[in-house]
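So this one's model_12.cif, mmCIF, C-alpha atoms and all ligand atoms:
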data_final
loop_
_atom_site.label_atom_id
_atom_site.label_comp_id
_atom_site.auth_asym_id
_atom_site.auth_seq_id
_atom_site.Cartn_x
_atom_site.Cartn_y
_atom_site.Cartn_z
CA MET A 1 118.45 56.30 -15.79
CA VAL A 2 114.74 56.55 -16.59
CA PHE A 3 112.93 53.27 -16.12
CA GLU A 4 111.90 51.81 -19.44
CA ILE A 5 110.20 48.65 -20.66
CA GLN A 6 111.50 47.46 -24.01
CA GLU A 7 109.59 45.27 -26.43
CA GLN A 8 110.81 42.25 -28.42
CA VAL A 9 114.29 41.91 -26.95
CA ASP A 10 116.64 39.18 -28.20
CA LEU A 11 117.77 37.14 -25.17
CA THR A 12 120.93 35.75 -26.83
CA PRO A 13 123.29 37.99 -24.79
CA TYR A 14 121.35 37.26 -21.62
CA ASN A 15 121.87 33.48 -21.38
CA SER A 16 125.17 31.61 -21.19
CA PHE A 17 123.97 28.90 -23.59
CA GLY A 18 123.69 31.71 -26.14
CA VAL A 19 120.40 30.40 -27.51
CA SER A 20 118.33 32.85 -29.45
CA GLN A 21 114.83 33.49 -28.07
CA MET A 22 112.85 36.70 -27.73
CA ALA A 23 111.33 38.33 -24.66
CA ALA A 24 108.04 40.08 -25.40
CA TYR A 25 108.92 42.68 -22.73
CA PHE A 26 112.21 43.38 -20.98
CA ALA A 27 113.20 45.73 -18.16
CA ASP A 28 116.76 46.46 -17.01
CA ILE A 29 116.30 46.81 -13.22
CA GLN A 30 118.99 49.15 -11.92
CA ASP A 31 117.02 50.44 -8.97
CA PRO A 32 114.75 48.26 -6.79
CA SER A 33 112.09 51.00 -6.91
CA ASP A 34 111.69 50.17 -10.65
CA LEU A 35 110.10 46.91 -9.57
CA ARG A 36 106.93 48.66 -8.45
CA GLN A 37 106.36 50.03 -11.95
CA ALA A 38 107.32 46.72 -13.52
CA ARG A 39 104.81 44.92 -11.30
CA GLU A 40 102.04 47.36 -12.25
CA PHE A 41 102.86 46.99 -15.94
CA ALA A 42 102.76 43.18 -15.70
CA ALA A 43 99.44 43.24 -13.80
CA LEU A 44 97.85 45.70 -16.22
CA ASN A 45 98.87 43.63 -19.24
CA ARG A 46 98.33 40.24 -17.55
CA LEU A 47 101.93 39.23 -18.16
CA SER A 48 103.93 36.51 -16.47
CA VAL A 49 107.24 37.70 -15.02
CA LEU A 50 110.68 36.07 -15.21
CA VAL A 51 113.57 37.26 -13.03
CA LEU A 52 116.94 36.96 -14.75
CA GLY A 53 120.51 37.48 -13.54
CA GLN A 54 123.30 36.64 -15.97
CA GLY A 55 121.40 33.66 -17.40
CA SER A 56 124.18 31.21 -16.53
CA ASN A 57 121.77 28.67 -15.10
CA THR A 58 118.90 29.25 -17.51
CA LEU A 59 117.95 27.57 -20.77
CA PHE A 60 115.29 29.16 -22.97
CA ILE A 61 113.40 26.68 -25.12
CA ASN A 62 110.76 29.15 -26.30
CA ASP A 63 110.30 32.87 -26.71
CA TYR A 64 109.24 34.34 -23.37
CA PRO A 65 105.75 35.84 -23.76
CA GLY A 66 105.87 37.93 -20.56
CA LEU A 67 108.12 40.48 -18.88
CA VAL A 68 111.78 39.66 -18.18
CA LEU A 69 113.29 41.53 -15.22
CA TYR A 70 117.04 41.71 -15.78
CA MET A 71 118.53 42.30 -12.30
CA ASN A 72 121.23 44.91 -12.66
CA ASN A 73 121.14 46.80 -9.32
CA ARG A 74 124.61 47.36 -7.85
CA GLY A 75 126.17 48.13 -4.48
CA ARG A 76 128.06 46.53 -1.60
CA GLN A 77 128.21 47.64 1.98
CA MET A 78 129.92 46.49 5.17
CA LEU A 79 127.34 46.32 7.96
CA PRO A 80 127.86 46.88 11.67
CA GLY A 81 129.01 43.53 13.01
CA ALA A 82 132.42 42.20 12.10
CA GLY A 83 132.61 40.54 8.70
CA MET A 84 129.03 41.25 7.62
CA LEU A 85 128.66 42.23 3.99
CA ARG A 86 125.53 43.16 2.09
CA ALA A 87 125.68 42.97 -1.72
CA ALA A 88 123.06 43.98 -4.26
CA ALA A 89 121.48 41.28 -6.40
CA GLY A 90 122.92 42.54 -9.69
CA GLU A 91 126.55 42.38 -8.51
CA SER A 92 128.75 39.70 -10.08
CA TRP A 93 129.23 36.84 -7.64
CA HIS A 94 132.88 36.33 -8.57
CA GLU A 95 133.63 40.04 -8.05
CA ILE A 96 132.19 39.74 -4.53
CA VAL A 97 134.46 36.78 -3.82
CA ARG A 98 137.44 38.86 -4.98
CA TYR A 99 136.32 41.86 -2.96
CA CYS A 100 136.08 39.73 0.20
CA LEU A 101 139.54 38.32 -0.29
CA LYS A 102 141.00 41.78 -0.87
CA ASN A 103 139.36 43.00 2.34
CA SER A 104 140.50 40.03 4.47
CA LEU A 105 137.03 38.47 4.67
CA TYR A 106 137.27 34.72 4.33
CA GLY A 107 135.28 31.58 3.65
CA ILE A 108 133.93 31.87 0.12
CA GLU A 109 137.23 31.41 -1.78
CA ASN A 110 136.05 27.96 -2.93
CA LEU A 111 133.09 29.61 -4.68
CA ALA A 112 135.36 31.69 -6.92
CA LEU A 113 134.64 31.90 -10.65
CA ILE A 114 131.06 30.63 -10.39
CA PRO A 115 129.35 32.68 -13.10
CA GLY A 116 126.28 34.75 -12.34
CA THR A 117 124.88 37.30 -9.95
CA VAL A 118 124.66 37.62 -6.18
CA GLY A 119 120.84 37.55 -6.43
CA ALA A 120 120.81 34.14 -8.12
CA ALA A 121 123.27 32.59 -5.66
CA PRO A 122 120.63 31.73 -3.00
CA VAL A 123 118.20 30.40 -5.64
CA GLN A 124 120.15 27.21 -6.13
CA ASN A 125 122.33 27.60 -3.03
CA ILE A 126 125.45 27.66 -5.18
CA GLY A 127 128.19 25.30 -4.17
CA ALA A 128 131.60 24.06 -5.26
CA TYR A 129 134.64 22.31 -3.82
CA GLY A 130 133.00 21.40 -0.53
CA VAL A 131 131.48 24.82 0.26
CA GLU A 132 127.91 26.06 -0.16
CA LEU A 133 126.46 29.56 0.03
CA ASP A 134 124.15 28.78 2.96
CA GLN A 135 127.21 28.38 5.25
CA PHE A 136 127.75 32.16 5.01
CA PHE A 137 124.20 33.35 4.47
CA VAL A 138 122.60 35.68 7.05
CA GLU A 139 119.54 37.13 5.35
CA LEU A 140 118.21 38.57 2.13
CA GLU A 141 115.86 41.30 1.07
CA ALA A 142 113.26 40.49 -1.56
CA PHE A 143 110.46 42.25 -3.40
CA ASP A 144 107.26 40.22 -3.39
CA LEU A 145 105.69 40.43 -6.86
CA LYS A 146 102.40 39.15 -5.43
CA THR A 147 101.94 41.77 -2.71
CA GLY A 148 104.35 44.53 -3.73
CA GLU A 149 105.97 44.38 -0.28
CA ILE A 150 109.61 44.13 0.71
CA ARG A 151 110.43 41.01 2.74
CA HIS A 152 113.42 40.16 4.91
CA MET A 153 114.15 36.46 4.85
CA SER A 154 116.32 34.49 7.26
CA LYS A 155 118.27 31.35 6.45
CA ALA A 156 115.40 29.21 7.79
CA ASP A 157 112.89 31.09 5.58
CA CYS A 158 114.97 30.30 2.48
CA GLN A 159 114.80 26.50 3.03
CA PHE A 160 118.23 25.87 1.56
CA ALA A 161 119.12 22.36 0.41
CA TYR A 162 121.49 20.83 -2.14
CA ARG A 163 121.14 23.16 -5.20
CA ASP A 164 117.72 24.09 -3.97
CA SER A 165 115.77 26.70 -2.02
CA ILE A 166 112.28 28.12 -1.61
CA PHE A 167 112.93 30.39 -4.64
CA LYS A 168 112.81 27.47 -7.07
CA GLN A 169 109.11 26.81 -6.71
CA ASP A 170 105.88 28.70 -6.08
CA PRO A 171 105.30 30.88 -4.09
CA GLY A 172 109.06 31.54 -3.78
CA GLN A 173 109.28 32.22 -7.52
CA LYS A 174 107.26 35.38 -6.92
CA LEU A 175 110.13 36.83 -4.87
CA VAL A 176 112.71 39.08 -6.52
CA ILE A 177 115.89 39.00 -4.47
CA LEU A 178 117.25 42.54 -4.06
CA SER A 179 120.28 42.00 -1.84
CA VAL A 180 122.04 39.26 0.12
CA THR A 181 123.84 39.61 3.47
CA LEU A 182 126.75 37.28 4.23
CA GLN A 183 128.75 36.67 7.37
CA LEU A 184 132.39 36.16 6.42
CA ALA A 185 135.16 34.92 8.70
CA LEU A 186 137.84 37.34 9.91
CA GLU A 187 140.40 34.54 10.18
CA PRO A 188 141.08 32.13 7.32
CA ALA A 189 138.95 29.00 7.56
CA LEU A 190 140.16 26.97 4.63
CA GLU A 191 138.33 23.99 3.15
CA ILE A 192 140.81 22.09 1.00
CA GLY A 193 139.72 18.50 1.45
CA TYR A 194 137.89 18.27 -1.86
CA ALA A 195 139.39 15.86 -4.38
CA GLY A 196 141.58 17.66 -6.88
CA LEU A 197 142.03 20.81 -4.80
CA ALA A 198 144.43 19.27 -2.29
CA ASP A 199 146.51 17.89 -5.21
CA VAL A 200 146.87 21.32 -6.84
CA LEU A 201 147.84 22.89 -3.50
CA ALA A 202 150.35 20.17 -2.59
CA GLY A 203 153.76 21.69 -1.83
CA GLN A 204 152.40 25.25 -1.67
CA GLN A 205 151.76 27.47 1.31
CA VAL A 206 148.02 27.21 1.80
CA THR A 207 146.46 30.66 2.20
CA PRO A 208 143.06 32.08 1.21
CA GLN A 209 144.76 33.63 -1.84
CA SER A 210 146.41 30.36 -2.90
CA VAL A 211 143.10 28.51 -2.49
CA PHE A 212 141.34 31.19 -4.58
CA ASP A 213 144.06 30.96 -7.26
CA ALA A 214 143.93 27.16 -7.27
CA ILE A 215 140.14 27.14 -7.63
CA CYS A 216 140.32 29.65 -10.51
CA ALA A 217 143.05 27.61 -12.21
CA ILE A 218 141.19 24.30 -11.83
CA ARG A 219 137.91 25.76 -13.07
CA SER A 220 139.51 27.55 -16.03
CA SER A 221 141.33 24.40 -17.12
CA LYS A 222 138.34 22.10 -16.65
CA LEU A 223 135.17 23.98 -17.55
CA PRO A 224 134.39 25.52 -20.92
CA ASP A 225 134.18 29.32 -20.84
CA PRO A 226 130.61 30.32 -21.80
CA LYS A 227 132.05 33.30 -23.72
CA GLN A 228 133.77 30.83 -26.05
CA ILE A 229 131.24 28.01 -26.08
CA GLY A 230 127.71 28.30 -24.72
CA ASN A 231 126.95 26.19 -21.64
CA ALA A 232 125.48 26.43 -18.14
CA GLY A 233 127.97 24.36 -16.16
CA SER A 234 126.56 21.11 -14.78
CA PHE A 235 123.25 20.39 -16.45
CA PHE A 236 122.11 17.75 -13.95
CA LYS A 237 122.23 17.53 -10.16
CA ASN A 238 124.04 14.62 -8.53
CA PRO A 239 121.21 12.24 -7.58
CA LEU A 240 120.51 11.16 -4.02
CA VAL A 241 119.83 7.44 -3.62
CA SER A 242 119.14 5.19 -0.65
CA LYS A 243 121.99 3.14 0.81
CA ALA A 244 120.03 -0.01 -0.05
CA LYS A 245 119.84 1.07 -3.69
CA LEU A 246 123.58 1.79 -3.70
CA LEU A 247 124.36 -1.69 -2.40
CA SER A 248 122.19 -3.33 -5.04
CA LEU A 249 123.77 -1.20 -7.83
CA ARG A 250 127.26 -2.06 -6.61
CA GLU A 251 126.56 -5.74 -7.29
CA SER A 252 126.66 -4.86 -11.00
CA TYR A 253 128.88 -1.76 -10.76
CA PRO A 254 131.38 -2.28 -7.93
CA GLU A 255 133.23 0.92 -8.91
CA LEU A 256 130.18 3.19 -8.48
CA PRO A 257 131.34 6.13 -6.32
CA ALA A 258 129.12 7.65 -3.61
CA TRP A 259 129.39 10.31 -0.91
CA ASN A 260 127.66 10.36 2.44
CA THR A 261 125.09 13.08 3.07
CA GLU A 262 123.63 14.61 6.22
CA ASP A 263 120.82 12.05 5.94
CA ALA A 264 122.21 8.73 7.19
CA ASP A 265 119.98 6.77 4.77
CA LEU A 266 120.94 8.66 1.62
CA VAL A 267 124.11 8.90 -0.45
CA LYS A 268 124.95 11.20 -3.34
CA VAL A 269 126.07 9.56 -6.56
CA PRO A 270 128.00 11.50 -9.23
CA ALA A 271 125.73 12.04 -12.24
CA ALA A 272 128.86 12.42 -14.41
CA TRP A 273 129.95 8.86 -13.55
CA LEU A 274 126.55 7.43 -14.51
CA LEU A 275 126.55 9.35 -17.81
CA ASP A 276 130.13 8.31 -18.51
CA GLN A 277 129.18 4.64 -18.26
CA LYS A 278 126.65 5.27 -21.00
CA GLY A 279 129.32 6.86 -23.24
CA TRP A 280 127.75 10.31 -23.49
CA LYS A 281 130.93 12.41 -23.67
CA GLY A 282 131.23 14.16 -27.03
CA ARG A 283 127.87 12.96 -28.43
CA ARG A 284 125.76 15.42 -30.43
CA ARG A 285 122.12 16.12 -31.21
CA GLY A 286 121.51 18.95 -33.68
CA GLY A 287 123.65 21.89 -32.62
CA ALA A 288 123.90 20.67 -29.03
CA ALA A 289 126.60 18.37 -27.70
CA VAL A 290 127.95 16.81 -24.54
CA HIS A 291 131.37 18.27 -23.73
CA GLU A 292 134.24 15.93 -24.71
CA ASP A 293 135.74 16.02 -21.21
CA HIS A 294 132.59 16.40 -19.07
CA ALA A 295 129.55 14.20 -19.37
CA LEU A 296 127.65 16.65 -17.14
CA VAL A 297 128.22 19.73 -19.28
CA LEU A 298 126.01 20.28 -22.32
CA VAL A 299 127.28 22.82 -24.83
CA ASN A 300 125.98 24.88 -27.70
CA ARG A 301 128.35 23.47 -30.32
CA ASP A 302 126.76 24.93 -33.43
CA ASN A 303 123.82 27.32 -33.25
CA ALA A 304 121.86 24.99 -31.00
CA SER A 305 118.31 25.81 -30.09
CA GLY A 306 117.13 25.36 -26.52
CA GLU A 307 115.10 22.44 -27.81
CA ASP A 308 118.24 20.70 -29.19
CA VAL A 309 119.78 20.94 -25.72
CA VAL A 310 116.68 19.70 -23.93
CA LEU A 311 116.18 16.76 -26.31
CA LEU A 312 119.78 15.72 -25.77
CA ALA A 313 119.34 16.05 -21.99
CA GLN A 314 116.18 13.93 -22.13
CA GLU A 315 117.97 11.16 -24.02
CA MET A 316 120.77 11.25 -21.47
CA SER A 317 118.50 11.03 -18.46
CA SER A 318 116.42 8.24 -20.07
CA SER A 319 119.55 6.18 -20.61
CA VAL A 320 120.52 6.59 -16.94
CA LEU A 321 117.00 5.68 -15.80
CA GLN A 322 116.99 2.57 -17.98
CA SER A 323 120.39 1.31 -16.88
CA PHE A 324 120.53 2.36 -13.24
CA GLY A 325 116.92 3.06 -12.27
CA ILE A 326 117.98 6.56 -11.19
CA VAL A 327 116.09 9.71 -12.15
CA LEU A 328 118.34 12.65 -13.03
CA GLN A 329 117.03 16.08 -12.14
CA THR A 330 118.15 19.16 -14.05
CA GLU A 331 120.14 21.82 -12.21
CA VAL A 332 119.51 24.31 -15.03
CA GLN A 333 116.21 26.24 -15.03
CA ILE A 334 114.35 25.46 -18.26
CA ILE A 335 112.08 28.28 -19.41
C1 LIG B 1 130.73 27.42 -16.62
C2 LIG B 1 129.72 27.36 -15.49
C3 LIG B 1 130.09 26.81 -14.28
C4 LIG B 1 129.17 26.77 -13.21
N1 LIG B 1 129.58 26.23 -12.03
C5 LIG B 1 128.73 26.20 -10.98
C6 LIG B 1 129.15 25.68 -9.71
O1 LIG B 1 130.29 25.27 -9.54
N2 LIG B 1 128.26 25.67 -8.70
C7 LIG B 1 126.99 26.14 -8.84
O2 LIG B 1 126.23 26.12 -7.87
N3 LIG B 1 126.55 26.65 -10.03
C8 LIG B 1 127.40 26.69 -11.09
N4 LIG B 1 126.98 27.19 -12.29
C9 LIG B 1 125.59 27.66 -12.44
C10 LIG B 1 125.41 29.18 -12.26
O3 LIG B 1 126.65 29.84 -12.32
C11 LIG B 1 124.75 29.51 -10.91
O4 LIG B 1 123.53 28.84 -10.79
C12 LIG B 1 124.51 31.01 -10.76
O5 LIG B 1 124.08 31.30 -9.45
C13 LIG B 1 123.50 31.56 -11.75
O6 LIG B 1 123.52 32.97 -11.68
P1 LIG B 1 122.79 33.85 -12.79
O7 LIG B 1 122.77 35.25 -12.32
O8 LIG B 1 123.43 33.62 -14.10
O9 LIG B 1 121.34 33.21 -12.73
P2 LIG B 1 120.23 33.07 -13.86
O10 LIG B 1 120.57 31.94 -14.77
O11 LIG B 1 119.96 34.38 -14.48
O12 LIG B 1 118.99 32.63 -12.97
C14 LIG B 1 118.97 31.37 -12.34
C15 LIG B 1 117.66 31.24 -11.57
O13 LIG B 1 117.63 32.19 -10.53
C16 LIG B 1 116.52 33.07 -10.66
N5 LIG B 1 116.99 34.40 -10.28
C17 LIG B 1 118.07 35.06 -10.79
N6 LIG B 1 118.23 36.25 -10.14
C18 LIG B 1 117.25 36.32 -9.22
C19 LIG B 1 116.86 37.31 -8.25
N7 LIG B 1 117.54 38.45 -8.10
N8 LIG B 1 115.76 37.06 -7.50
C20 LIG B 1 115.06 35.92 -7.62
N9 LIG B 1 115.37 34.95 -8.52
C21 LIG B 1 116.45 35.16 -9.31
C22 LIG B 1 116.09 32.97 -12.11
O14 LIG B 1 114.70 33.22 -12.27
C23 LIG B 1 116.43 31.51 -12.42
O15 LIG B 1 115.40 30.67 -11.99
C24 LIG B 1 127.87 27.27 -13.38
C25 LIG B 1 127.50 27.83 -14.62
C26 LIG B 1 128.42 27.88 -15.66
C27 LIG B 1 128.02 28.52 -16.96
#

Represent the supplied structure as structure tokens.
Amino acid sequence: MVFEIQEQVDLTPYNSFGVSQMAAYFADIQDPSDLRQAREFAALNRLSVLVLGQGSNTLFINDYPGLVLYMNNRGRQMLPGAGMLRAAAGESWHEIVRYCLKNSLYGIENLALIPGTVGAAPVQNIGAYGVELDQFFVELEAFDLKTGEIRHMSKADCQFAYRDSIFKQDPGQKLVILSVTLQLALEPALEIGYAGLADVLAGQQVTPQSVFDAICAIRSSKLPDPKQIGNAGSFFKNPLVSKAKLLSLRESYPELPAWNTEDADLVKVPAAWLLDQKGWKGRRRGGAAVHEDHALVLVNRDNASGEDVVLLAQEMSSSVLQSFGIVLQTEVQII
């Protein structure tokens, strides 16, 4: 296909909230070599650049005045070295999980049904049910919009953390991820300790396939499908607080749950629990609402604008700050 830059493109189909905003310029990147032309075009016209996958972790609150690069390059390849798979950025993440399972490559079953692309997976170090991407990550290839060079980045270069990486802030935001290489296990290495998962699997033979099926079933029953109702999964990260803070909060809220982290001084507190205490489930602002069953999931109930969603999110985080003295950070990228 000939590389083309389109003007005034409606972004509604390109974000899972389904909010309507326009991109001044838009390029469907099917071949990484297109990025050179896109970079030149942006430089010539002094445009900012936004990299977009399937928009399932992105909320637009304004029209985008620059160039949107919609990452749509495809391809997957087994590399020399047992269990090493390279996948192009535009591949669907869930399809890669299925492909691995079909080819007896194990480890990422718990990350099934996470919407979005392979290229976005390292950006927030996707995670679910006790597993995170960085456990399987080997390296990635990226196009540097600043220099026009291709870079190979190791796990250490990516600075992975909880829903975070170097790609979330400058200068990492200038890197367009082209492909990701994963090291999968050749023998099943199942992680089924996560609350809820073990219950669903109780009484069944536990295999990679049954874990995959259980994860898909749990997610489909619990989370709203963005095709039916716009959303971006969890809107906020689970906050990290000091153990001292936890103890002082538990004087007023003895039930407050917390999980240990790798840092002995910090615990992770469920944002959903905090929001639940403040009665946010089901509440609405304009066309935006908090899901009836999930205080962490904001939805586009009725033609919401990005601003409706953000105003609702701000009210929610203010209420948590006031009551618990905890700052909630958004997981969703607000543009
Ligand atoms: C129903 C639902 C459930 C979800 N559940 C989970 C979950 O369990 N765990 C979890 O971690 N996330 C979850 N998410 C969030 C989302 O699925 C992930 O963040 C996913 O990785 C986003 O992929 P995307 O292609 O849609 O990214 P986008 O929203 O398009 O982009 C996200 C960010 O990555 C950047 N980006 C995208 N592609 C590239 C690239 N090739 N190079 C450089 N930067 C890029 C964008 O600029 C943006 O900042 C959920 C979302 C939904 C809607």

Each chain A residue no farther than 7 Å from ligand LIG 1 (chain B), nearest pair in Å, only C-alpha atoms and all ligand atoms, as JSON lines:
{"residue": "A:Asn15", "atom": "CA", "partner": "B:LIG1", "partner_atom": "O10", "distance": 6.9}
{"residue": "A:Ser16", "atom": "CA", "partner": "B:LIG1", "partner_atom": "C27", "distance": 6.0}
{"residue": "A:Leu50", "atom": "CA", "partner": "B:LIG1", "partner_atom": "O14", "distance": 5.7}
{"residue": "A:Val51", "atom": "CA", "partner": "B:LIG1", "partner_atom": "O14", "distance": 4.3}
{"residue": "A:Leu52", "atom": "CA", "partner": "B:LIG1", "partner_atom": "O11", "distance": 4.0}
{"residue": "A:Gly53", "atom": "CA", "partner": "B:LIG1", "partner_atom": "O11", "distance": 3.3}
{"residue": "A:Gln54", "atom": "CA", "partner": "B:LIG1", "partner_atom": "O8", "distance": 3.6}
{"residue": "A:Gly55", "atom": "CA", "partner": "B:LIG1", "partner_atom": "O10", "distance": 3.3}
{"residue": "A:Ser56", "atom": "CA", "partner": "B:LIG1", "partner_atom": "O8", "distance": 3.5}
{"residue": "A:Asn57", "atom": "CA", "partner": "B:LIG1", "partner_atom": "O10", "distance": 3.5}
{"residue": "A:Thr58", "atom": "CA", "partner": "B:LIG1", "partner_atom": "O10", "distance": 4.2}
{"residue": "A:Met71", "atom": "CA", "partner": "B:LIG1", "partner_atom": "N7", "distance": 5.8}
{"residue": "A:Ala89", "atom": "CA", "partner": "B:LIG1", "partner_atom": "N7", "distance": 5.1}
{"residue": "A:Gly90", "atom": "CA", "partner": "B:LIG1", "partner_atom": "N7", "distance": 6.9}
{"residue": "A:Ile114", "atom": "CA", "partner": "B:LIG1", "partner_atom": "O3", "distance": 4.9}
{"residue": "A:Pro115", "atom": "CA", "partner": "B:LIG1", "partner_atom": "O3", "distance": 4.0}
{"residue": "A:Gly116", "atom": "CA", "partner": "B:LIG1", "partner_atom": "O6", "distance": 3.3}
{"residue": "A:Thr117", "atom": "CA", "partner": "B:LIG1", "partner_atom": "O7", "distance": 3.8}
{"residue": "A:Val118", "atom": "CA", "partner": "B:LIG1", "partner_atom": "O7", "distance": 6.8}
{"residue": "A:Gly119", "atom": "CA", "partner": "B:LIG1", "partner_atom": "N7", "distance": 3.8}
{"residue": "A:Ala120", "atom": "CA", "partner": "B:LIG1", "partner_atom": "N6", "distance": 3.9}
{"residue": "A:Ala121", "atom": "CA", "partner": "B:LIG1", "partner_atom": "O5", "distance": 4.1}
{"residue": "A:Val123", "atom": "CA", "partner": "B:LIG1", "partner_atom": "O13", "distance": 5.2}
{"residue": "A:Gln124", "atom": "CA", "partner": "B:LIG1", "partner_atom": "O4", "distance": 6.0}
{"residue": "A:Asn125", "atom": "CA", "partner": "B:LIG1", "partner_atom": "O2", "distance": 6.4}
{"residue": "A:Ile126", "atom": "CA", "partner": "B:LIG1", "partner_atom": "O2", "distance": 3.2}
{"residue": "A:Gly127", "atom": "CA", "partner": "B:LIG1", "partner_atom": "O2", "distance": 4.3}
{"residue": "A:Ala128", "atom": "CA", "partner": "B:LIG1", "partner_atom": "O1", "distance": 4.6}
{"residue": "A:Arg163", "atom": "CA", "partner": "B:LIG1", "partner_atom": "O2", "distance": 6.5}
{"residue": "A:Phe167", "atom": "CA", "partner": "B:LIG1", "partner_atom": "N9", "distance": 6.5}
{"residue": "A:Lys168", "atom": "CA", "partner": "B:LIG1", "partner_atom": "O15", "distance": 6.4}
{"residue": "A:Gln173", "atom": "CA", "partner": "B:LIG1", "partner_atom": "N9", "distance": 6.7}
{"residue": "A:Leu175", "atom": "CA", "partner": "B:LIG1", "partner_atom": "C20", "distance": 5.7}
{"residue": "A:Val176", "atom": "CA", "partner": "B:LIG1", "partner_atom": "N8", "distance": 3.8}
{"residue": "A:Ile177", "atom": "CA", "partner": "B:LIG1", "partner_atom": "N8", "distance": 3.6}
{"residue": "A:Leu178", "atom": "CA", "partner": "B:LIG1", "partner_atom": "N7", "distance": 5.8}
{"residue": "A:Leu223", "atom": "CA", "partner": "B:LIG1", "partner_atom": "C1", "distance": 5.7}
{"residue": "A:Pro224", "atom": "CA", "partner": "B:LIG1", "partner_atom": "C1", "distance": 6.0}
{"residue": "A:Asp225", "atom": "CA", "partner": "B:LIG1", "partner_atom": "C1", "distance": 5.8}
{"residue": "A:Pro226", "atom": "CA", "partner": "B:LIG1", "partner_atom": "C27", "distance": 5.8}
{"residue": "A:Asn231", "atom": "CA", "partner": "B:LIG1", "partner_atom": "C27", "distance": 5.3}
{"residue": "A:Ala232", "atom": "CA", "partner": "B:LIG1", "partner_atom": "C27", "distance": 3.5}
{"residue": "A:Gly233", "atom": "CA", "partner": "B:LIG1", "partner_atom": "C2", "distance": 3.5}
{"residue": "A:Ser234", "atom": "CA", "partner": "B:LIG1", "partner_atom": "C4", "distance": 6.4}
{"residue": "A:Gln333", "atom": "CA", "partner": "B:LIG1", "partner_atom": "O15", "distance": 5.4}

Residues near stretch 94-100 of chain A, cut-off 6 Å, all atoms listed in the file, skip fewer than 2 positions along chain, as a list in words: Ser92, Lys102, Asn103, Leu105, Ala112 and Leu113 of chain A

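Among the candidates A:Val299, A:Val267, A:Met78, A:Leu184, the one nearest to A:Gly282 when counting all atoms listed in the file is A:Val299.
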
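Nearest residue to A:Ile229, choosing from A:Val9, A:Leu312, A:Leu298, A:Met84 and counting only C-alpha atoms: A:Leu298.
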
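Considering the residues A:Leu79, A:Ala271, A:Ile326, A:Leu69 and counting all atoms listed in the file, A:Val241 has its shortest atom-to-atom contact with A:Ile326.
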
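As for atom CA of A:Leu296 and atom CA of A:Ala272, they are spaced 5.2 Å apart.
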
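The residue that comes closest to A:Leu201, out of A:Ala304, A:Ala217, A:Leu240, A:Val320 and on the basis of only C-alpha atoms, is A:Ala217.
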
With only C-alpha atoms as the counted atoms, please give the residues lying no more than 8 Å from A:Gly18, apart from itself and same-chain residues fewer than 3 positions off, as a ChimeraX atom specification. /A:12-15,230-231,300

So that each row is one residue of stretch 259-323 of chain A with an atom at most 10 Å from stretch 19-34 of chain A, can you give its shortest atom pair and the distance in Å to one decimal, using all atoms listed in the file, rows by chain and rising number, as CSV?
residue,atom,partner,partner_atom,distance
A:Asn300,CA,A:Val19,CA,7.9
A:Asn303,CA,A:Val19,CA,7.4
A:Ala304,CA,A:Val19,CA,6.6
A:Ser305,CA,A:Val19,CA,5.7
A:Gly306,CA,A:Val19,CA,6.1
A:Glu307,CA,A:Val19,CA,9.6
A:Val309,CA,A:Val19,CA,9.6

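Note that the spacing between atom CA of A:Gln159 and atom CA of A:Gly172 amounts to 10.2 Å.
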
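Nearest residue to A:Ile61 among A:Phe17, A:Pro257, A:Phe160, A:Tyr106 is A:Phe17, counting all atoms listed in the file.
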
Which value, in Å to one decimal, gives the distance between atom CA of A:Ala289 and atom CA of A:Cys216? 24.7 Å

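Proximity ranking of A:Gly203, A:Trp273, A:Phe3, A:Ile192 relative to A:Glu255 places A:Trp273 first, based on all atoms listed in the file.
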
As a list in words, please: the residues near A:Tyr129 (cut-off 12 Å, only C-alpha atoms, same-chain neighbours under 6 positions excluded). Gly107, Ile108, Glu109, Asn110, Leu111, Ala112, Leu113, Ile114, Leu190, Glu191, Ile192, Gly193, Tyr194, Ala195, Gly196, Leu197, Ala198, Val211, Phe212, Ala214, Ile215, Cys216, Ile218 and Arg219 of chain A

Print the selection's residues with C-alpha atoms to a file, as a compact mmCIF listing (two decimals), in the coordinates of the input.
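Saved result, part.txt, follows:
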# COMPACT_ATOMS: atom_id res chain seq x y z
CA GLY A 107 135.28 31.58 3.65
CA ILE A 108 133.93 31.87 0.12
CA GLU A 109 137.23 31.41 -1.78
CA ASN A 110 136.05 27.96 -2.93
CA LEU A 111 133.09 29.61 -4.68
CA ALA A 112 135.36 31.69 -6.92
CA LEU A 113 134.64 31.90 -10.65
CA ILE A 114 131.06 30.63 -10.39
CA LEU A 190 140.16 26.97 4.63
CA GLU A 191 138.33 23.99 3.15
CA ILE A 192 140.81 22.09 1.00
CA GLY A 193 139.72 18.50 1.45
CA TYR A 194 137.89 18.27 -1.86
CA ALA A 195 139.39 15.86 -4.38
CA GLY A 196 141.58 17.66 -6.88
CA LEU A 197 142.03 20.81 -4.80
CA ALA A 198 144.43 19.27 -2.29
CA VAL A 211 143.10 28.51 -2.49
CA PHE A 212 141.34 31.19 -4.58
CA ALA A 214 143.93 27.16 -7.27
CA ILE A 215 140.14 27.14 -7.63
CA CYS A 216 140.32 29.65 -10.51
CA ILE A 218 141.19 24.30 -11.83
CA ARG A 219 137.91 25.76 -13.07

I'd like the contact shell of stretch 179-183 of chain A - 8 Å cut-off, only C-alpha atoms, skipping same-chain residues fewer than 5 positions apart - returned as an MDAnalysis selection string. chainID A and resid 83:89 118:119 136:142
